[in-house]
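> Data: coords-v3.cif, mmCIF, C-alpha atoms.
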data_structure
#
loop_
_atom_site.label_atom_id
_atom_site.label_comp_id
_atom_site.auth_asym_id
_atom_site.auth_seq_id
_atom_site.Cartn_x
_atom_site.Cartn_y
_atom_site.Cartn_z
CA MET A 7 0.00 0.00 0.00
CA SER A 8 1.24 3.49 -0.87
CA VAL A 9 0.69 6.56 1.30
CA VAL A 10 -0.17 9.83 -0.44
CA THR A 11 0.77 13.17 1.20
CA GLU A 12 0.70 16.71 -0.19
CA ILE A 13 4.13 18.10 0.74
CA ALA A 14 3.87 21.43 -1.12
CA ALA A 15 1.19 23.18 -3.14
CA ASP A 16 0.00 20.63 -5.76
CA VAL A 17 3.03 18.38 -5.07
CA TYR A 18 2.12 14.92 -3.78
CA ARG A 19 4.44 12.35 -2.26
CA ILE A 20 3.51 8.74 -3.03
CA SER A 21 5.41 6.52 -0.60
CA THR A 22 5.68 2.74 -0.72
CA PHE A 23 7.64 1.04 2.06
CA VAL A 24 9.13 -2.28 0.94
CA PRO A 25 10.17 -4.34 4.00
CA GLY A 26 12.50 -6.56 1.97
CA PHE A 27 14.61 -3.51 1.17
CA GLY A 28 13.95 -1.74 4.47
CA ILE A 29 13.44 1.58 2.69
CA GLN A 30 10.74 3.76 1.19
CA PHE A 31 10.39 4.23 -2.56
CA ASN A 32 8.86 7.64 -3.10
CA GLN A 33 7.33 9.11 -6.22
CA PHE A 34 6.26 12.72 -6.61
CA LEU A 35 3.28 13.93 -8.58
CA ILE A 36 2.70 17.54 -9.60
CA LYS A 37 -1.03 18.02 -10.10
CA ASP A 38 -1.53 20.50 -12.92
CA GLU A 39 -2.92 20.89 -16.43
CA GLU A 40 -0.10 18.66 -17.65
CA PRO A 41 0.59 16.35 -14.68
CA PHE A 42 4.23 15.52 -14.00
CA LEU A 43 5.35 12.30 -12.27
CA MET A 44 8.86 12.00 -10.86
CA HIS A 45 9.99 8.35 -10.65
CA THR A 46 7.86 5.38 -11.66
CA ALA A 47 9.23 2.92 -9.08
CA PHE A 48 9.74 -0.73 -9.96
CA ARG A 49 7.65 -2.46 -12.60
CA THR A 50 6.50 -4.86 -9.89
CA LEU A 51 5.07 -1.94 -7.87
CA PHE A 52 3.08 -0.52 -10.78
CA ASP A 53 -0.38 -1.64 -9.66
CA VAL A 54 0.16 -0.24 -6.16
CA THR A 55 1.56 3.09 -7.29
CA ARG A 56 -1.01 3.53 -10.07
CA GLU A 57 -3.77 3.20 -7.47
CA ALA A 58 -2.04 5.89 -5.42
CA VAL A 59 -1.70 8.23 -8.41
CA ALA A 60 -5.43 7.69 -9.06
CA LYS A 61 -6.21 9.22 -5.66
CA VAL A 62 -4.92 12.54 -7.01
CA ILE A 63 -5.48 12.46 -10.80
CA ASP A 64 -6.65 10.11 -13.50
CA PRO A 65 -3.39 8.26 -14.37
CA ALA A 66 -4.40 8.34 -18.05
CA THR A 67 -3.91 12.14 -18.02
CA LEU A 68 -0.21 11.99 -17.11
CA ARG A 69 1.76 14.21 -19.48
CA TRP A 70 5.37 14.09 -18.26
CA ILE A 71 7.40 11.36 -16.57
CA GLY A 72 10.78 12.31 -15.12
CA TYR A 73 13.49 10.41 -13.33
CA SER A 74 17.08 11.06 -12.30
CA HIS A 75 19.16 8.14 -13.57
CA PHE A 76 18.52 4.80 -15.23
CA GLU A 77 17.72 2.34 -12.45
CA PRO A 78 14.62 0.18 -12.00
CA ASP A 79 13.36 2.03 -8.93
CA GLU A 80 13.61 5.29 -10.89
CA CYS A 81 12.02 4.21 -14.17
CA GLY A 82 11.30 0.47 -14.10
CA ALA A 83 7.54 0.95 -14.58
CA LEU A 84 7.96 3.60 -17.29
CA ASN A 85 6.43 1.51 -20.06
CA SER A 86 3.54 0.47 -17.82
CA TYR A 87 2.65 4.14 -17.32
CA LEU A 88 3.12 4.92 -21.02
CA ALA A 89 0.66 2.13 -21.83
CA ILE A 90 -2.15 3.76 -19.82
CA ALA A 91 -1.32 7.43 -20.52
CA PRO A 92 -1.43 8.10 -24.28
CA ARG A 93 -0.04 11.66 -24.05
CA ALA A 94 2.74 10.90 -21.58
CA GLU A 95 6.36 11.51 -22.60
CA PRO A 96 9.49 10.57 -20.67
CA LEU A 97 11.91 13.40 -19.93
CA ALA A 98 15.62 12.56 -20.01
CA SER A 99 19.04 14.04 -20.55
CA PHE A 100 20.74 13.53 -23.91
CA VAL A 101 22.67 10.60 -22.48
CA GLY A 102 19.60 9.14 -20.81
CA SER A 103 17.57 9.37 -23.98
CA ASN A 104 20.14 8.16 -26.47
CA VAL A 105 22.03 5.58 -24.42
CA MET A 106 19.26 4.15 -22.23
CA LEU A 107 15.72 5.02 -23.30
CA ARG A 108 16.26 4.66 -27.05
CA ASP A 109 16.14 0.90 -26.47
CA PHE A 110 14.13 0.66 -23.24
CA SER A 111 11.25 3.08 -23.67
CA ASP A 112 8.18 2.22 -25.73
CA ARG A 113 7.84 5.93 -26.59
CA PRO A 114 10.65 8.35 -27.50
CA ALA A 115 11.83 10.64 -24.74
CA LYS A 116 11.83 14.40 -24.86
CA VAL A 117 15.47 15.40 -24.44
CA VAL A 118 16.01 18.13 -21.85
CA ALA A 119 19.25 20.08 -21.52
CA ASP A 120 20.58 21.77 -18.40
CA GLY A 121 18.27 24.66 -17.52
CA ASP A 122 15.38 23.66 -19.78
CA VAL A 123 11.94 24.38 -18.29
CA ILE A 124 8.77 22.34 -18.71
CA GLU A 125 5.63 24.41 -18.11
CA THR A 126 2.88 22.16 -16.82
CA GLY A 127 0.29 24.91 -16.39
CA LYS A 128 0.77 26.80 -13.13
CA HIS A 129 4.09 25.10 -12.44
CA ARG A 130 7.50 25.57 -14.04
CA VAL A 131 9.76 22.54 -13.71
CA ARG A 132 13.44 23.09 -14.48
CA PHE A 133 15.88 20.32 -15.39
CA VAL A 134 19.31 20.49 -13.77
CA SER A 135 21.98 18.25 -15.30
CA THR A 136 23.95 16.51 -12.52
CA PRO A 137 26.15 13.76 -14.06
CA HIS A 138 27.26 11.26 -11.37
CA VAL A 139 25.24 13.12 -8.69
CA PRO A 140 23.88 11.09 -7.03
CA HIS A 141 24.80 8.28 -9.46
CA CYS A 142 25.36 7.52 -13.12
CA TRP A 143 26.42 9.38 -16.26
CA ASP A 144 22.88 10.33 -17.29
CA ALA A 145 21.82 11.85 -13.96
CA GLY A 146 19.78 15.00 -13.59
CA LEU A 147 17.26 16.45 -11.14
CA PHE A 148 14.07 18.46 -11.54
CA PHE A 149 13.25 21.63 -9.62
CA ASP A 150 9.68 22.90 -9.38
CA GLU A 151 10.30 26.63 -9.39
CA THR A 152 6.68 27.40 -8.55
CA SER A 153 6.54 25.54 -5.23
CA GLY A 154 10.29 25.68 -4.55
CA THR A 155 10.50 21.88 -4.46
CA LEU A 156 13.66 20.04 -5.47
CA LEU A 157 12.90 16.51 -6.64
CA CYS A 158 16.21 15.22 -5.43
CA SER A 159 16.24 11.47 -6.08
CA ASP A 160 18.78 9.63 -3.86
CA LEU A 161 20.25 12.74 -2.24
CA PHE A 162 19.79 12.61 1.56
CA PHE A 163 19.02 8.87 1.41
CA HIS A 164 17.99 7.39 4.73
CA PRO A 165 16.40 3.98 5.39
CA GLY A 166 13.33 2.89 7.30
CA ASP A 167 9.74 4.12 7.04
CA PRO A 168 9.88 7.63 8.52
CA GLU A 169 7.19 10.32 8.49
CA ALA A 170 6.15 11.88 5.18
CA LEU A 171 7.35 15.42 5.89
CA THR A 172 9.73 16.80 8.48
CA GLU A 173 11.18 20.15 9.46
CA THR A 174 13.99 18.40 11.33
CA SER A 175 17.32 18.16 9.52
CA VAL A 176 17.63 15.30 7.03
CA VAL A 177 21.41 15.75 6.87
CA GLU A 178 22.27 13.71 9.96
CA PRO A 179 20.17 10.69 8.93
CA ALA A 180 21.85 10.87 5.53
CA ARG A 181 25.28 11.03 7.18
CA ALA A 182 24.46 8.00 9.34
CA ALA A 183 23.22 6.01 6.34
CA MET A 184 26.28 6.86 4.24
CA THR A 185 28.66 6.09 7.10
CA ALA A 186 27.04 2.68 7.56
CA SER A 187 27.20 1.92 3.84
CA LEU A 188 30.94 2.58 3.63
CA SER A 189 31.71 -0.73 5.32
CA GLY A 190 29.27 -2.78 3.23
CA PRO A 191 28.72 -3.99 -0.34
CA MET A 192 27.30 -0.57 -1.36
CA ALA A 193 30.48 1.24 -0.31
CA ASN A 194 31.06 2.84 -3.71
CA ASP A 195 27.48 3.58 -4.72
CA VAL A 196 28.10 7.35 -4.70
CA PRO A 197 31.10 8.46 -6.76
CA TYR A 198 33.02 11.56 -5.78
CA THR A 199 34.30 13.40 -8.84
CA PRO A 200 36.00 16.76 -9.41
CA HIS A 201 32.50 18.12 -10.17
CA THR A 202 30.58 16.71 -7.20
CA ASP A 203 30.94 19.65 -4.82
CA SER A 204 30.20 22.30 -7.47
CA THR A 205 27.10 20.34 -8.55
CA LEU A 206 25.76 20.24 -5.00
CA GLN A 207 26.50 23.95 -4.60
CA ARG A 208 24.56 24.67 -7.83
CA LEU A 209 21.60 22.83 -6.37
CA ALA A 210 21.91 24.83 -3.14
CA ASP A 211 21.86 28.04 -5.19
CA LEU A 212 18.29 27.16 -6.22
CA LYS A 213 17.27 27.85 -2.59
CA PRO A 214 14.62 25.11 -2.41
CA ARG A 215 12.02 25.30 0.32
CA THR A 216 11.11 21.62 0.10
CA LEU A 217 13.40 18.67 -0.57
CA ALA A 218 11.52 15.70 -2.05
CA LEU A 219 13.58 12.63 -1.10
CA MET A 220 13.11 9.39 -2.98
CA HIS A 221 14.15 7.39 0.11
CA GLY A 222 13.18 9.01 3.40
CA SER A 223 11.15 11.92 4.75
CA ALA A 224 10.62 14.97 2.59
CA PHE A 225 12.08 18.08 4.22
CA HIS A 226 10.50 21.52 4.53
CA GLY A 227 12.80 24.35 5.54
CA ASP A 228 16.14 25.81 4.50
CA GLY A 229 16.96 23.53 1.60
CA GLU A 230 19.90 25.67 0.58
CA GLN A 231 21.70 25.11 3.87
CA ALA A 232 20.78 21.43 3.91
CA LEU A 233 22.40 20.95 0.50
CA ARG A 234 25.54 22.84 1.52
CA ASP A 235 25.74 20.72 4.66
CA LEU A 236 25.29 17.56 2.58
CA ALA A 237 28.10 18.71 0.31
CA GLY A 238 30.30 18.94 3.38
CA VAL A 239 29.34 15.44 4.51
CA TRP A 240 30.10 13.99 1.08
CA LYS A 241 33.46 15.74 0.95
CA GLU A 242 34.32 14.50 4.43
CA LEU A 243 33.28 10.89 3.86
CA LEU A 244 33.92 10.37 0.15
CA ALA A 245 36.63 12.67 -1.17
CA GLY A 246 39.69 10.54 -1.86
CA ARG A 247 37.73 7.33 -1.41
CA THR A 248 35.70 7.08 -4.63
CA ARG A 249 36.74 9.10 -7.66
CA LEU A 250 36.10 8.90 -11.38
#
Take the structure I supplied and represent it as structure tokens, if you would.


Amino acid sequence: MSVVTEIAADVYRISTFVPGFGIQFNQFLIKDEEPFLMHTAFRTLFDVTREAVAKVIDPATLRWIGYSHFEPDECGALNSYLAIAPRAEPLASFVGSNVMLRDFSDRPAKVVADGDVIETGKHRVRFVSTPHVPHCWDAGLFFDETSGTLLCSDLFFHPGDPEALTETSVVEPARAAMTASLSGPMANDVPYTPHTDSTLQRLADLKPRTLALMHGSAFHGDGEQALRDLAGVWKELLAGRTRL
């Protein structure tokens, strides 16, 4: 079962806790004239998440489907959504479209470059290219300028099934999760490149008021400071350990 929570004006968090993973898989739906869905979750979760989307809009009216990087929890159910939403188009970076979705997607993606804006009606959603932040060559994030919400994928990852929205810092849970992972099989899941810090600082410059985490509580507050603090945590824990 997925839990639906409005975390900002017209921005809905759809959260599915999967005990086998011990983490939440969160999607985000912007309700507007041209509805925008961030993340599709796994193909195997499609029926559950579709029912949750239907609590907010008719899933057949979806217009845009975004994700950060090519992984099954980000876009595994993409084709399932395309099958029920005839006007829906995936949004992807040049790399994501041409290297991944050209073969995977049943419908061509709309290629978005750094800074491109999708107008969904009342909302303006900007694409920010973030290669290797948090993972993968094709990575990018979406920022809803209208509500000040950064759809930030795996940034600030923390496990468990916490509350939907918090005003308490999400930096320390993210630090604890990353510290724990460094001694396990996921030790190198986040690369640290010469561009990592500047990318996180660019995201902080957006001054988001809400951080929409894919895994963990969404955060409402000073998103700029949270991102600068996260950049410091990554530099402390990762610089010199993983590098491309």

> Name every residue that the PyMOL selection byres ((chain A and resi 207) around 10) selects in this structure, writing the answer as a tab-separated table (two decimals) with C-alpha atoms, in the frame of the given file with chains first and numbers rising.


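part.tsv, freshly written:
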chain	number	residue	atom	x	y	z
A	202	THR	CA	30.58	16.71	-7.20
A	203	ASP	CA	30.94	19.65	-4.82
A	204	SER	CA	30.20	22.30	-7.47
A	205	THR	CA	27.10	20.34	-8.55
A	206	LEU	CA	25.76	20.24	-5.00
A	208	ARG	CA	24.56	24.67	-7.83
A	209	LEU	CA	21.60	22.83	-6.37
A	210	ALA	CA	21.91	24.83	-3.14
A	211	ASP	CA	21.86	28.04	-5.19
A	212	LEU	CA	18.29	27.16	-6.22
A	230	GLU	CA	19.90	25.67	0.58
A	231	GLN	CA	21.70	25.11	3.87
A	233	LEU	CA	22.40	20.95	0.50
A	234	ARG	CA	25.54	22.84	1.52
A	235	ASP	CA	25.74	20.72	4.66
A	236	LEU	CA	25.29	17.56	2.58
A	237	ALA	CA	28.10	18.71	0.31

> With distances taken over all atoms listed in the file, which residue among A:Phe31, A:Phe163, A:Trp143, A:Trp70 lies nearest Pro179 (chain A)?

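Looking only at the distances to Pro179 (chain A), the closest residue turns out to be A:Phe163.
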
> Please evaluate the PyMOL selection byres ((chain A and resi 225) around 7) against the displayed coordinates and give the resulting residues as an MDAnalysis selection string.

chainID A and resid 171:173 176 216:218 223:224 226:227

> Hey, which bits of region 34-68 of chain A sit within 9 Å of region 156-160 of chain A, and for each residue what's the closest pair of atoms and how far apart in Å (one decimal), counting all atoms listed in the file, rows by chain and increasing number, as CSV?


residue,atom,partner,partner_atom,distance
A:Phe34,CA,A:Leu157,CA,7.6
A:Met44,CA,A:Leu157,CA,7.4
A:His45,CA,A:Ser159,CA,8.3

> Could you list, as a PDB file with C-alpha atoms, in the coordinates of the input, every residue matched by the PyMOL selection byres ((chain A and resi 21) around 9) in this structure?


ATOM      1  CA  MET A   7       0.000   0.000   0.000  1.00  0.00           C
ATOM      2  CA  SER A   8       1.240   3.490  -0.870  1.00  0.00           C
ATOM      3  CA  VAL A   9       0.690   6.560   1.300  1.00  0.00           C
ATOM      4  CA  VAL A  10      -0.170   9.830  -0.440  1.00  0.00           C
ATOM      5  CA  THR A  11       0.770  13.170   1.200  1.00  0.00           C
ATOM      6  CA  ARG A  19       4.440  12.350  -2.260  1.00  0.00           C
ATOM      7  CA  ILE A  20       3.510   8.740  -3.030  1.00  0.00           C
ATOM      8  CA  THR A  22       5.680   2.740  -0.720  1.00  0.00           C
ATOM      9  CA  PHE A  23       7.640   1.040   2.060  1.00  0.00           C
ATOM     10  CA  GLN A  30      10.740   3.760   1.190  1.00  0.00           C
ATOM     11  CA  PHE A  31      10.390   4.230  -2.560  1.00  0.00           C
ATOM     12  CA  ASN A  32       8.860   7.640  -3.100  1.00  0.00           C
ATOM     13  CA  GLN A  33       7.330   9.110  -6.220  1.00  0.00           C
ATOM     14  CA  PHE A  34       6.260  12.720  -6.610  1.00  0.00           C
ATOM     15  CA  THR A  55       1.560   3.090  -7.290  1.00  0.00           C
ATOM     16  CA  ALA A  58      -2.040   5.890  -5.420  1.00  0.00           C
ATOM     17  CA  ALA A 170       6.150  11.880   5.180  1.00  0.00           C
ATOM     18  CA  MET A 220      13.110   9.390  -2.980  1.00  0.00           C
ATOM     19  CA  HIS A 221      14.150   7.390   0.110  1.00  0.00           C
TER      20      HIS A 221
END

> Please, which residues in region 125-240 of chain A fall within 6 Å of region 73-88 of chain A when counting all atoms listed in the file, and what is the closest atom pair and distance in Å to one decimal for each, ordered by chain then residue number, as a tab-separated table?


residue	atom	partner	partner_atom	distance
A:Asp144	CA	A:His75	CA	5.7
A:Ala145	CA	A:His75	CA	4.6
A:Gly146	CA	A:Ser74	CA	4.9
A:Leu147	CA	A:Ser74	CA	5.5

> Nearest residue to Asp228 (chain A) out of A:Thr126, A:Ser175, A:Thr199, A:Asn104, using only C-alpha atoms?

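Smallest distance to Asp228 (chain A) is found for A:Ser175.
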
> Rounded to one decimal, what separation in Å do you get between CA of Arg132 (chain A) and CA of Thr152 (chain A)?

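That distance, rounded to one decimal, is 10.0 Å.
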
> Provide the CA of Gly72 (chain A) to CA of Pro96 (chain A) distance in Å, to one decimal place.

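We find that CA of Gly72 (chain A) and CA of Pro96 (chain A) lie 6.0 Å from each other.
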